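Here is the file target26.cif (mmCIF, C-alpha atoms).
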```cif
data_target
#
loop_
_atom_site.group_PDB
_atom_site.id
_atom_site.type_symbol
_atom_site.label_atom_id
_atom_site.label_comp_id
_atom_site.auth_asym_id
_atom_site.auth_seq_id
_atom_site.Cartn_x
_atom_site.Cartn_y
_atom_site.Cartn_z
ATOM 1 C CA MET A 211 -37.981 -29.390 -39.312
ATOM 2 C CA ASN A 212 -40.311 -29.671 -36.333
ATOM 3 C CA GLU A 213 -37.380 -30.393 -34.023
ATOM 4 C CA THR A 214 -35.568 -27.270 -35.248
ATOM 5 C CA TYR A 215 -38.698 -25.171 -34.743
ATOM 6 C CA ALA A 216 -39.196 -26.594 -31.255
ATOM 7 C CA SER A 217 -35.549 -25.935 -30.388
ATOM 8 C CA ASN A 218 -35.732 -22.322 -31.594
ATOM 9 C CA ALA A 219 -39.009 -21.825 -29.739
ATOM 10 C CA GLY A 220 -37.441 -23.190 -26.552
ATOM 11 C CA LYS A 221 -34.472 -20.819 -26.908
ATOM 12 C CA GLY A 222 -36.867 -17.958 -27.487
ATOM 13 C CA LEU A 223 -38.807 -18.757 -24.328
ATOM 14 C CA LEU A 224 -35.561 -19.056 -22.336
ATOM 15 C CA ALA A 225 -34.312 -15.708 -23.670
ATOM 16 C CA SER A 226 -37.680 -14.138 -22.897
ATOM 17 C CA GLY A 227 -37.547 -15.499 -19.350
ATOM 18 C CA MET A 228 -34.012 -14.181 -18.845
ATOM 19 C CA SER A 229 -34.986 -10.742 -20.205
ATOM 20 C CA ARG A 230 -37.932 -10.657 -17.803
ATOM 21 C CA ASP A 231 -35.711 -11.640 -14.892
ATOM 22 C CA TYR A 232 -33.198 -8.899 -15.752
ATOM 23 C CA VAL A 233 -36.079 -6.411 -15.697
ATOM 24 C CA LEU A 234 -37.140 -7.771 -12.288
ATOM 25 C CA ILE A 235 -33.642 -7.313 -10.848
ATOM 26 C CA HIS A 236 -33.312 -3.793 -12.273
ATOM 27 C CA THR A 237 -36.740 -2.922 -10.865
ATOM 28 C CA ALA A 238 -35.766 -4.301 -7.447
ATOM 29 C CA THR A 239 -32.490 -2.344 -7.533
ATOM 30 C CA LEU A 240 -34.392 0.829 -8.417
ATOM 31 C CA LEU A 241 -36.694 0.258 -5.417
ATOM 32 C CA PHE A 242 -33.670 -0.409 -3.159
ATOM 33 C CA GLY A 243 -32.135 2.910 -4.228
ATOM 34 C CA VAL A 244 -35.320 4.956 -3.873
ATOM 35 C CA ALA A 245 -35.838 3.518 -0.352
ATOM 36 C CA GLY A 246 -33.116 5.873 0.856
ATOM 37 C CA LEU A 247 -35.380 8.861 0.193
ATOM 38 C CA PHE A 248 -37.629 7.820 3.071
ATOM 39 C CA GLY A 249 -34.878 8.912 5.447
ATOM 40 C CA LYS A 250 -35.773 12.465 4.410
ATOM 41 C CA LEU A 251 -39.507 11.995 3.787
ATOM 42 C CA VAL A 252 -40.376 10.405 7.150
ATOM 43 C CA HIS A 253 -40.011 12.824 10.065
ATOM 44 C CA LEU A 254 -39.135 10.209 12.665
ATOM 45 C CA SER A 255 -35.954 8.840 14.203
ATOM 46 C CA PRO A 256 -34.025 6.114 12.321
ATOM 47 C CA VAL A 257 -35.155 3.582 14.958
ATOM 48 C CA SER A 258 -38.824 4.311 14.249
ATOM 49 C CA ILE A 259 -38.273 4.269 10.486
ATOM 50 C CA VAL A 260 -36.533 0.898 10.605
ATOM 51 C CA PHE A 261 -39.193 -0.519 12.923
ATOM 52 C CA GLY A 262 -41.944 0.513 10.520
ATOM 53 C CA ARG A 263 -39.989 -0.899 7.600
ATOM 54 C CA VAL A 264 -39.367 -4.340 9.082
ATOM 55 C CA PHE A 265 -42.828 -4.558 10.687
ATOM 56 C CA PHE A 266 -44.711 -4.004 7.437
ATOM 57 C CA ALA A 267 -42.205 -6.091 5.456
ATOM 58 C CA ALA A 268 -42.704 -9.084 7.771
ATOM 59 C CA LEU A 269 -46.458 -8.530 7.680
ATOM 60 C CA PHE A 270 -46.299 -8.695 3.876
ATOM 61 C CA LEU A 271 -43.832 -11.588 3.511
ATOM 62 C CA GLY A 272 -45.480 -13.962 6.035
ATOM 63 C CA PRO A 273 -48.796 -14.437 4.159
ATOM 64 C CA LEU A 274 -46.999 -14.347 0.802
ATOM 65 C CA ILE A 275 -44.751 -17.255 1.780
ATOM 66 C CA HIS A 276 -47.776 -19.188 3.040
ATOM 67 C CA LEU A 277 -49.670 -18.579 -0.231
ATOM 68 C CA THR A 278 -46.738 -19.888 -2.289
ATOM 69 C CA GLY A 279 -46.795 -23.156 -0.358
ATOM 70 C CA ARG A 280 -43.510 -22.684 1.483
ATOM 71 C CA THR A 281 -43.045 -23.232 5.184
ATOM 72 C CA LEU A 282 -41.757 -20.669 7.651
ATOM 73 C CA ARG A 283 -40.465 -23.386 9.965
ATOM 74 C CA LEU A 284 -36.707 -23.578 10.427
ATOM 75 C CA ALA A 285 -34.745 -26.786 10.850
ATOM 76 C CA SER A 286 -33.278 -26.235 14.331
ATOM 77 C CA THR A 287 -33.173 -24.023 17.411
ATOM 78 C CA ARG A 288 -29.699 -22.948 16.354
ATOM 79 C CA ASP A 289 -31.097 -21.588 13.104
ATOM 80 C CA TYR A 290 -33.683 -19.557 15.006
ATOM 81 C CA LEU A 291 -30.942 -18.106 17.215
ATOM 82 C CA LEU A 292 -28.788 -17.248 14.192
ATOM 83 C CA MET A 293 -31.761 -15.607 12.514
ATOM 84 C CA ALA A 294 -32.277 -13.532 15.666
ATOM 85 C CA LEU A 295 -28.632 -12.441 15.528
ATOM 86 C CA GLN A 296 -29.014 -11.495 11.879
ATOM 87 C CA GLY A 297 -32.175 -9.568 12.692
ATOM 88 C CA LEU A 298 -30.164 -7.545 15.214
ATOM 89 C CA ILE A 299 -27.480 -6.837 12.599
ATOM 90 C CA LEU A 300 -30.163 -5.918 10.046
ATOM 91 C CA ALA A 301 -31.676 -3.419 12.496
ATOM 92 C CA VAL A 302 -28.251 -1.830 13.070
ATOM 93 C CA HIS A 303 -27.547 -1.802 9.328
ATOM 94 C CA TRP A 304 -30.742 0.001 8.355
ATOM 95 C CA GLY A 305 -30.576 2.239 11.435
ATOM 96 C CA THR A 306 -27.085 3.504 10.551
ATOM 97 C CA PHE A 307 -28.129 3.822 6.897
ATOM 98 C CA PHE A 308 -31.063 6.145 7.635
ATOM 99 C CA GLN A 309 -29.021 8.014 10.255
ATOM 100 C CA SER A 310 -26.403 8.701 7.578
ATOM 101 C CA ILE A 311 -29.048 10.095 5.226
ATOM 102 C CA GLN A 312 -30.710 12.209 7.910
ATOM 103 C CA VAL A 313 -27.514 13.903 9.094
ATOM 104 C CA SER A 314 -26.127 14.442 5.575
ATOM 105 C CA SER A 315 -27.791 13.545 2.251
ATOM 106 C CA VAL A 316 -29.149 10.616 0.260
ATOM 107 C CA ALA A 317 -26.048 10.676 -1.962
ATOM 108 C CA VAL A 318 -23.610 10.459 0.965
ATOM 109 C CA GLY A 319 -25.598 7.658 2.613
ATOM 110 C CA LEU A 320 -25.867 5.576 -0.558
ATOM 111 C CA LEU A 321 -22.288 6.076 -1.737
ATOM 112 C CA THR A 322 -20.643 5.242 1.591
ATOM 113 C CA PHE A 323 -22.976 2.246 2.048
ATOM 114 C CA ALA A 324 -21.821 1.067 -1.400
ATOM 115 C CA THR A 325 -18.441 0.185 0.172
ATOM 116 C CA PHE A 326 -19.936 -3.082 1.457
ATOM 117 C CA PRO A 327 -18.437 -5.348 -1.287
ATOM 118 C CA VAL A 328 -14.957 -4.199 -0.242
ATOM 119 C CA PHE A 329 -15.761 -4.844 3.434
ATOM 120 C CA THR A 330 -17.043 -8.279 2.411
ATOM 121 C CA THR A 331 -13.759 -9.112 0.682
ATOM 122 C CA LEU A 332 -11.734 -8.003 3.705
ATOM 123 C CA LEU A 333 -13.881 -10.003 6.162
ATOM 124 C CA GLU A 334 -14.226 -13.200 4.110
ATOM 125 C CA PRO A 335 -11.030 -14.823 5.442
ATOM 126 C CA LEU A 336 -12.394 -14.538 9.011
ATOM 127 C CA PHE A 337 -15.663 -16.259 8.078
ATOM 128 C CA ASP A 338 -14.172 -18.863 5.703
ATOM 129 C CA ARG A 339 -11.096 -19.522 7.864
ATOM 130 C CA LYS A 340 -8.716 -18.834 5.015
ATOM 131 C CA PRO A 341 -5.449 -16.888 4.997
ATOM 132 C CA PHE A 342 -5.701 -13.159 4.401
ATOM 133 C CA ARG A 343 -4.805 -12.050 0.867
ATOM 134 C CA TRP A 344 -2.882 -8.792 0.878
ATOM 135 C CA ARG A 345 -4.007 -7.938 -2.641
ATOM 136 C CA THR A 346 -7.492 -7.274 -1.231
ATOM 137 C CA LEU A 347 -6.058 -4.117 0.349
ATOM 138 C CA ALA A 348 -5.814 -2.488 -3.091
ATOM 139 C CA PRO A 349 -9.574 -1.982 -3.602
ATOM 140 C CA ALA A 350 -9.874 -1.020 0.090
ATOM 141 C CA LEU A 351 -7.319 1.783 -0.305
ATOM 142 C CA TRP A 352 -8.956 2.873 -3.561
ATOM 143 C CA THR A 353 -12.327 2.994 -1.772
ATOM 144 C CA LEU A 354 -10.806 5.008 1.072
ATOM 145 C CA ALA A 355 -9.553 7.523 -1.497
ATOM 146 C CA GLY A 356 -13.074 7.695 -2.955
ATOM 147 C CA VAL A 357 -14.582 8.325 0.482
ATOM 148 C CA SER A 358 -12.035 11.093 1.096
ATOM 149 C CA LEU A 359 -13.371 12.843 -2.011
ATOM 150 C CA VAL A 360 -16.986 12.486 -0.881
ATOM 151 C CA VAL A 361 -16.116 14.070 2.484
ATOM 152 C CA PRO A 362 -14.898 17.683 2.033
ATOM 153 C CA ARG A 363 -13.745 18.214 5.645
ATOM 154 C CA PHE A 364 -12.827 15.602 8.259
ATOM 155 C CA HIS A 365 -14.084 17.475 11.318
ATOM 156 C CA PRO A 366 -16.410 16.226 14.077
ATOM 157 C CA GLY A 367 -19.726 17.970 13.729
ATOM 158 C CA GLU A 368 -19.385 18.297 9.956
ATOM 159 C CA PRO A 369 -22.646 16.808 8.549
ATOM 160 C CA VAL A 370 -21.034 15.089 5.551
ATOM 161 C CA PHE A 371 -18.246 13.661 7.697
ATOM 162 C CA GLU A 372 -20.707 12.270 10.257
ATOM 163 C CA GLY A 373 -22.961 10.992 7.488
ATOM 164 C CA ALA A 374 -20.026 9.199 5.871
ATOM 165 C CA LEU A 375 -19.105 7.502 9.155
ATOM 166 C CA TRP A 376 -22.689 6.276 9.616
ATOM 167 C CA GLY A 377 -22.761 5.161 5.975
ATOM 168 C CA LEU A 378 -19.520 3.193 6.377
ATOM 169 C CA ALA A 379 -21.002 1.541 9.484
ATOM 170 C CA SER A 380 -24.024 0.620 7.369
ATOM 171 C CA GLY A 381 -21.774 -0.902 4.689
ATOM 172 C CA LEU A 382 -19.761 -2.830 7.282
ATOM 173 C CA THR A 383 -22.823 -4.321 8.994
ATOM 174 C CA PHE A 384 -24.360 -5.232 5.626
ATOM 175 C CA ALA A 385 -21.136 -7.045 4.691
ATOM 176 C CA VAL A 386 -21.324 -9.058 7.929
ATOM 177 C CA LEU A 387 -24.997 -9.798 7.255
ATOM 178 C CA SER A 388 -24.228 -10.967 3.709
ATOM 179 C CA LEU A 389 -21.505 -13.330 4.922
ATOM 180 C CA LEU A 390 -23.788 -14.790 7.589
ATOM 181 C CA ASN A 391 -26.570 -15.198 5.015
ATOM 182 C CA ARG A 392 -24.433 -17.680 3.095
ATOM 183 C CA ARG A 393 -25.190 -20.243 5.792
ATOM 184 C CA PHE A 394 -28.898 -20.052 4.992
ATOM 185 C CA GLY A 395 -28.898 -19.294 1.279
ATOM 186 C CA GLN A 396 -28.538 -22.918 0.255
ATOM 187 C CA ARG A 397 -31.081 -24.286 2.754
ATOM 188 C CA TYR A 398 -33.906 -21.738 2.832
ATOM 189 C CA HIS A 399 -35.684 -19.620 0.262
ATOM 190 C CA GLY A 400 -34.592 -15.981 0.295
ATOM 191 C CA ALA A 401 -38.077 -14.771 1.222
ATOM 192 C CA VAL A 402 -38.087 -17.037 4.284
ATOM 193 C CA VAL A 403 -34.717 -15.664 5.394
ATOM 194 C CA SER A 404 -35.960 -12.098 4.858
ATOM 195 C CA PHE A 405 -39.120 -12.762 6.863
ATOM 196 C CA TRP A 406 -37.286 -14.115 9.906
ATOM 197 C CA GLN A 407 -34.680 -11.352 9.821
ATOM 198 C CA ASP A 408 -37.400 -8.685 9.592
ATOM 199 C CA ALA A 409 -39.413 -10.359 12.375
ATOM 200 C CA ALA A 410 -36.334 -10.563 14.609
ATOM 201 C CA ALA A 411 -35.548 -6.892 13.922
ATOM 202 C CA VAL A 412 -39.100 -6.011 15.039
ATOM 203 C CA LEU A 413 -38.493 -7.724 18.389
ATOM 204 C CA VAL A 414 -35.082 -6.069 18.778
ATOM 205 C CA LEU A 415 -36.391 -2.568 18.106
ATOM 206 C CA PHE A 416 -39.668 -2.775 20.033
ATOM 207 C CA PRO A 417 -38.134 -2.085 23.507
ATOM 208 C CA PHE A 418 -36.444 1.064 22.143
ATOM 209 C CA LEU A 419 -39.778 2.319 20.853
ATOM 210 C CA CYS A 420 -41.271 1.759 24.313
ATOM 211 C CA LEU A 421 -38.440 3.742 25.931
ATOM 212 C CA PHE A 422 -38.499 6.543 23.350
ATOM 213 C CA PRO A 423 -42.018 6.555 21.903
ATOM 214 C CA GLU A 424 -42.838 8.583 18.798
ATOM 215 C CA ILE A 425 -46.265 9.150 17.292
ATOM 216 C CA PRO A 426 -46.182 9.150 13.476
ATOM 217 C CA THR A 427 -48.431 11.470 11.502
ATOM 218 C CA VAL A 428 -50.842 10.017 8.964
ATOM 219 C CA THR A 429 -48.329 10.920 6.232
ATOM 220 C CA ASP A 430 -45.447 9.264 8.081
ATOM 221 C CA PHE A 431 -47.560 6.142 8.612
ATOM 222 C CA GLY A 432 -48.368 6.003 4.904
ATOM 223 C CA TYR A 433 -44.704 6.376 3.976
ATOM 224 C CA LEU A 434 -43.701 3.593 6.401
ATOM 225 C CA LEU A 435 -46.362 1.287 4.951
ATOM 226 C CA LEU A 436 -45.068 2.005 1.443
ATOM 227 C CA LEU A 437 -41.454 1.546 2.550
ATOM 228 C CA GLY A 438 -42.139 -1.793 4.238
ATOM 229 C CA VAL A 439 -44.398 -3.351 1.601
ATOM 230 C CA LEU A 440 -43.235 -2.016 -1.784
ATOM 231 C CA PHE A 441 -39.653 -0.924 -1.133
ATOM 232 C CA THR A 442 -38.740 -3.880 1.107
ATOM 233 C CA GLY A 443 -41.077 -6.869 0.809
ATOM 234 C CA VAL A 444 -41.878 -6.534 -2.906
ATOM 235 C CA SER A 445 -38.364 -5.444 -3.902
ATOM 236 C CA HIS A 446 -36.722 -8.409 -2.148
ATOM 237 C CA THR A 447 -39.266 -10.771 -3.706
ATOM 238 C CA LEU A 448 -38.591 -9.361 -7.189
ATOM 239 C CA PHE A 449 -34.825 -9.645 -6.706
ATOM 240 C CA ILE A 450 -35.057 -13.264 -5.546
ATOM 241 C CA GLN A 451 -37.460 -14.104 -8.383
ATOM 242 C CA GLY A 452 -35.120 -12.549 -10.936
ATOM 243 C CA MET A 453 -32.187 -14.691 -9.804
ATOM 244 C CA LYS A 454 -33.890 -17.812 -11.174
ATOM 245 C CA THR A 455 -32.076 -17.352 -14.497
ATOM 246 C CA VAL A 456 -29.615 -14.536 -13.709
ATOM 247 C CA SER A 457 -26.325 -15.496 -12.051
ATOM 248 C CA ALA A 458 -25.435 -14.122 -8.640
ATOM 249 C CA ARG A 459 -22.446 -12.278 -10.143
ATOM 250 C CA LYS A 460 -24.565 -10.480 -12.754
ATOM 251 C CA ALA A 461 -27.239 -9.727 -10.166
ATOM 252 C CA SER A 462 -24.564 -8.187 -7.912
ATOM 253 C CA ILE A 463 -23.315 -6.020 -10.778
ATOM 254 C CA ILE A 464 -26.852 -4.763 -11.439
ATOM 255 C CA ALA A 465 -27.339 -4.173 -7.703
ATOM 256 C CA SER A 466 -24.283 -1.887 -7.741
ATOM 257 C CA LEU A 467 -26.499 0.601 -9.620
ATOM 258 C CA GLU A 468 -28.493 1.182 -6.416
ATOM 259 C CA PRO A 469 -26.657 4.443 -5.539
ATOM 260 C CA VAL A 470 -27.072 5.678 -9.128
ATOM 261 C CA TYR A 471 -30.839 5.143 -9.039
ATOM 262 C CA GLY A 472 -31.113 6.574 -5.533
ATOM 263 C CA ILE A 473 -29.070 9.718 -6.237
ATOM 264 C CA ALA A 474 -31.053 10.364 -9.436
ATOM 265 C CA ALA A 475 -34.327 9.970 -7.507
ATOM 266 C CA ALA A 476 -33.101 12.304 -4.715
ATOM 267 C CA CYS A 477 -32.123 14.882 -7.312
ATOM 268 C CA PHE A 478 -35.541 14.668 -8.989
ATOM 269 C CA PHE A 479 -37.824 14.418 -5.944
ATOM 270 C CA LEU A 480 -35.851 16.207 -3.206
ATOM 271 C CA GLY A 481 -33.723 18.613 -5.205
ATOM 272 C CA GLU A 482 -30.513 17.180 -3.706
ATOM 273 C CA VAL A 483 -27.811 17.757 -6.329
ATOM 274 C CA PRO A 484 -24.453 16.169 -5.358
ATOM 275 C CA THR A 485 -21.260 18.132 -5.943
ATOM 276 C CA ALA A 486 -18.803 17.177 -8.680
ATOM 277 C CA ARG A 487 -16.348 16.115 -5.969
ATOM 278 C CA SER A 488 -18.929 13.769 -4.404
ATOM 279 C CA LEU A 489 -19.724 12.268 -7.807
ATOM 280 C CA ALA A 490 -16.023 11.694 -8.493
ATOM 281 C CA GLY A 491 -15.549 10.005 -5.119
ATOM 282 C CA GLY A 492 -18.712 7.991 -5.657
ATOM 283 C CA ALA A 493 -17.432 6.820 -9.042
ATOM 284 C CA MET A 494 -14.244 5.584 -7.365
ATOM 285 C CA ILE A 495 -16.238 3.732 -4.682
ATOM 286 C CA LEU A 496 -18.526 2.095 -7.249
ATOM 287 C CA ALA A 497 -15.552 1.177 -9.452
ATOM 288 C CA ALA A 498 -13.896 -0.623 -6.516
ATOM 289 C CA ALA A 499 -17.146 -2.426 -5.667
ATOM 290 C CA LEU A 500 -17.608 -3.470 -9.311
ATOM 291 C CA TRP A 501 -14.001 -4.673 -9.572
ATOM 292 C CA VAL A 502 -14.336 -6.790 -6.434
ATOM 293 C CA THR A 503 -17.595 -8.289 -7.752
ATOM 294 C CA LEU A 504 -16.061 -9.140 -11.142
ATOM 295 C CA ARG A 505 -13.012 -10.748 -9.514
ATOM 296 C CA LYS A 506 -15.260 -12.949 -7.387
ATOM 297 C CA GLY A 507 -17.137 -13.989 -10.496
#
```
Since I need it in another form, could you write the structure as structure tokens?
Amino acid sequence: MNETYASNAGKGLLASGMSRDYVLIHTATLLFGVAGLFGKLVHLSPVSIVFGRVFFAALFLGPLIHLTGRTLRLASTRDYLLMALQGLILAVHWGTFFQSIQVSSVAVGLLTFATFPVFTTLLEPLFDRKPFRWRTLAPALWTLAGVSLVVPRFHPGEPVFEGALWGLASGLTFAVLSLLNRRFGQRYHGAVVSFWQDAAAVLVLFPFLCLFPEIPTVTDFGYLLLLGVLFTGVSHTLFIQGMKTVSARKASIIASLEPVYGIAAACFFLGEVPTARSLAGGAMILAAALWVTLRKG
């Protein structure tokens, strides 16, 4: 009797822990999506926005990692160099992401960035040294069709067209970053990886700020602080914490809701209502990303 009660209690605690972790991942995904709004709220260049984001994120993550008893030290000089490379890619990724939103809309930036799982599938053979699988072209072509719906006119100078190109660049660089992160995922805690990538991005972007200085207003500074701490440092910590009991596949499926949360937030806070055509194209892009994620699982 006691053993049965103990077993049921243990299952209840496990289920409770899993439910909590699902909430953490959904919360993190919501914060990831809402982060796109800062491209419209902060009246600075994408370089300055990204610098503020990574600066405050690193400033938050460093002490947090120390308080949890983990070390920031990496195993080798090679790892430091690879982290620096990934910091550069991270800076380009977030820079192109905010550029996409600034020249077009939050919806266009988020939906075209959401192509990254398809880019990941196409690039995997290069990183894993495996033969290319032609069947991976199917979701890529489907995604291309979705992007063609999001973009009404393919003309240089057209805001949506330019925004889509920047968004695709953001998705491509994030795919490269994700594939490189696999080398560190098994050896270092996710927060440690995030800290070093953010710190490296700070060093990469600092010379550009010196060449093209911008003075943020008090409001801009407050937004950057919020973006770096809550919408970057805290959100990444919540996502990593949630993956203690939630599989990577399920976490990736939840993360695919990022554009949904972001577009809903942009509609509510900024009054940006996407067209039916954009929503249809976005649904095709998200369907391809979800299909790729499920196949990997």
All residues 9 Å or closer to Gln312 (chain A), only C-alpha atoms, same chain fewer than 6 positions away omitted, as an MDAnalysis selection string | chainID A and resid 249:250 255:256 319 373
Selection result for the PyMOL selection byres ((chain A and resi 483) around 12) on this file, as a list in words |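 Selection result, ordered by chain and number: Ser315, Val316, Ala317, Val318, Gly472, Ile473, Ala474, Ala475, Ala476, Cys477, Phe478, Phe479, Leu480, Gly481, Glu482, Pro484, Thr485, Ala486, Arg487, Ser488 and Leu489 of chain A.
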Writing out the chosen residues with C-alpha atoms as a PDB file, in the frame of the given file:
```
ATOM      1  CA  SER A 315     -27.791  13.545   2.251  1.00  0.00           C
ATOM      2  CA  VAL A 316     -29.149  10.616   0.260  1.00  0.00           C
ATOM      3  CA  ALA A 317     -26.048  10.676  -1.962  1.00  0.00           C
ATOM      4  CA  VAL A 318     -23.610  10.459   0.965  1.00  0.00           C
ATOM      5  CA  GLY A 472     -31.113   6.574  -5.533  1.00  0.00           C
ATOM      6  CA  ILE A 473     -29.070   9.718  -6.237  1.00  0.00           C
ATOM      7  CA  ALA A 474     -31.053  10.364  -9.436  1.00  0.00           C
ATOM      8  CA  ALA A 475     -34.327   9.970  -7.507  1.00  0.00           C
ATOM      9  CA  ALA A 476     -33.101  12.304  -4.715  1.00  0.00           C
ATOM     10  CA  CYS A 477     -32.123  14.882  -7.312  1.00  0.00           C
ATOM     11  CA  PHE A 478     -35.541  14.668  -8.989  1.00  0.00           C
ATOM     12  CA  PHE A 479     -37.824  14.418  -5.944  1.00  0.00           C
ATOM     13  CA  LEU A 480     -35.851  16.207  -3.206  1.00  0.00           C
ATOM     14  CA  GLY A 481     -33.723  18.613  -5.205  1.00  0.00           C
ATOM     15  CA  GLU A 482     -30.513  17.180  -3.706  1.00  0.00           C
ATOM     16  CA  PRO A 484     -24.453  16.169  -5.358  1.00  0.00           C
ATOM     17  CA  THR A 485     -21.260  18.132  -5.943  1.00  0.00           C
ATOM     18  CA  ALA A 486     -18.803  17.177  -8.680  1.00  0.00           C
ATOM     19  CA  ARG A 487     -16.348  16.115  -5.969  1.00  0.00           C
ATOM     20  CA  SER A 488     -18.929  13.769  -4.404  1.00  0.00           C
ATOM     21  CA  LEU A 489     -19.724  12.268  -7.807  1.00  0.00           C
TER      22      LEU A 489
END
```
Residue members of the PyMOL selection byres ((chain A and resi 434) around 10) in the file shown, as a list in words =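 For this structure, the PyMOL selection byres ((chain A and resi 434) around 10) captures Phe248, Leu251, Val252, Ser258, Ile259, Val260, Phe261, Gly262, Arg263, Val264, Phe265, Phe266, Ala267, Pro426, Val428, Thr429, Asp430, Phe431, Gly432, Tyr433, Leu435, Leu436, Leu437, Gly438, Val439, Leu440 and Phe441 of chain A.
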Excluding same-chain residues fewer than 5 positions from Phe449 (chain A), what lies within 7 Å of it counting all atoms listed in the file, as a list in words?
-> Leu234, Ile235 and Ala238 of chain A
To one decimal in Å, tell me the separation between CA of Thr281 (chain A) and CA of Ala294 (chain A).
-> 17.9 Å
Expected answer as a short mmCIF file (atom, residue, chain, number, x, y, z; two decimals) with C-alpha atoms, in the frame of the given file: all residues with atoms within 12 Å of (-24.5, -3.1, 9.4), all atoms listed in the file:
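Here's the written file result.cif:
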```cif
data_model
loop_
_atom_site.label_atom_id
_atom_site.label_comp_id
_atom_site.auth_asym_id
_atom_site.auth_seq_id
_atom_site.Cartn_x
_atom_site.Cartn_y
_atom_site.Cartn_z
CA LEU A 295 -28.63 -12.44 15.53
CA GLN A 296 -29.01 -11.50 11.88
CA GLY A 297 -32.17 -9.57 12.69
CA LEU A 298 -30.16 -7.54 15.21
CA ILE A 299 -27.48 -6.84 12.60
CA LEU A 300 -30.16 -5.92 10.05
CA ALA A 301 -31.68 -3.42 12.50
CA VAL A 302 -28.25 -1.83 13.07
CA HIS A 303 -27.55 -1.80 9.33
CA TRP A 304 -30.74 0.00 8.36
CA GLY A 305 -30.58 2.24 11.44
CA THR A 306 -27.08 3.50 10.55
CA PHE A 307 -28.13 3.82 6.90
CA PHE A 308 -31.06 6.14 7.64
CA PHE A 323 -22.98 2.25 2.05
CA ALA A 324 -21.82 1.07 -1.40
CA THR A 325 -18.44 0.18 0.17
CA PHE A 326 -19.94 -3.08 1.46
CA PHE A 329 -15.76 -4.84 3.43
CA THR A 330 -17.04 -8.28 2.41
CA LEU A 375 -19.10 7.50 9.15
CA TRP A 376 -22.69 6.28 9.62
CA GLY A 377 -22.76 5.16 5.98
CA LEU A 378 -19.52 3.19 6.38
CA ALA A 379 -21.00 1.54 9.48
CA SER A 380 -24.02 0.62 7.37
CA GLY A 381 -21.77 -0.90 4.69
CA LEU A 382 -19.76 -2.83 7.28
CA THR A 383 -22.82 -4.32 8.99
CA PHE A 384 -24.36 -5.23 5.63
CA ALA A 385 -21.14 -7.04 4.69
CA VAL A 386 -21.32 -9.06 7.93
CA LEU A 387 -25.00 -9.80 7.26
CA SER A 388 -24.23 -10.97 3.71
CA LEU A 389 -21.50 -13.33 4.92
CA LEU A 390 -23.79 -14.79 7.59
#
```
With the file shown as input, list the residues that the PyMOL selection byres ((chain A and resi 349) around 10) selects, as a PyMOL selection string.
-> chain A and resi 325+327-329+331-332+345-348+350-355+494-495+497-502
Choose the residue, out of A:Tyr471, A:Tyr290, A:Phe422, A:Phe416, that has the smallest atom-to-atom separation from Thr237 (chain A); count all atoms listed in the file.
->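 Of the candidates, the smallest distance to Thr237 (chain A) is held by A:Tyr471.
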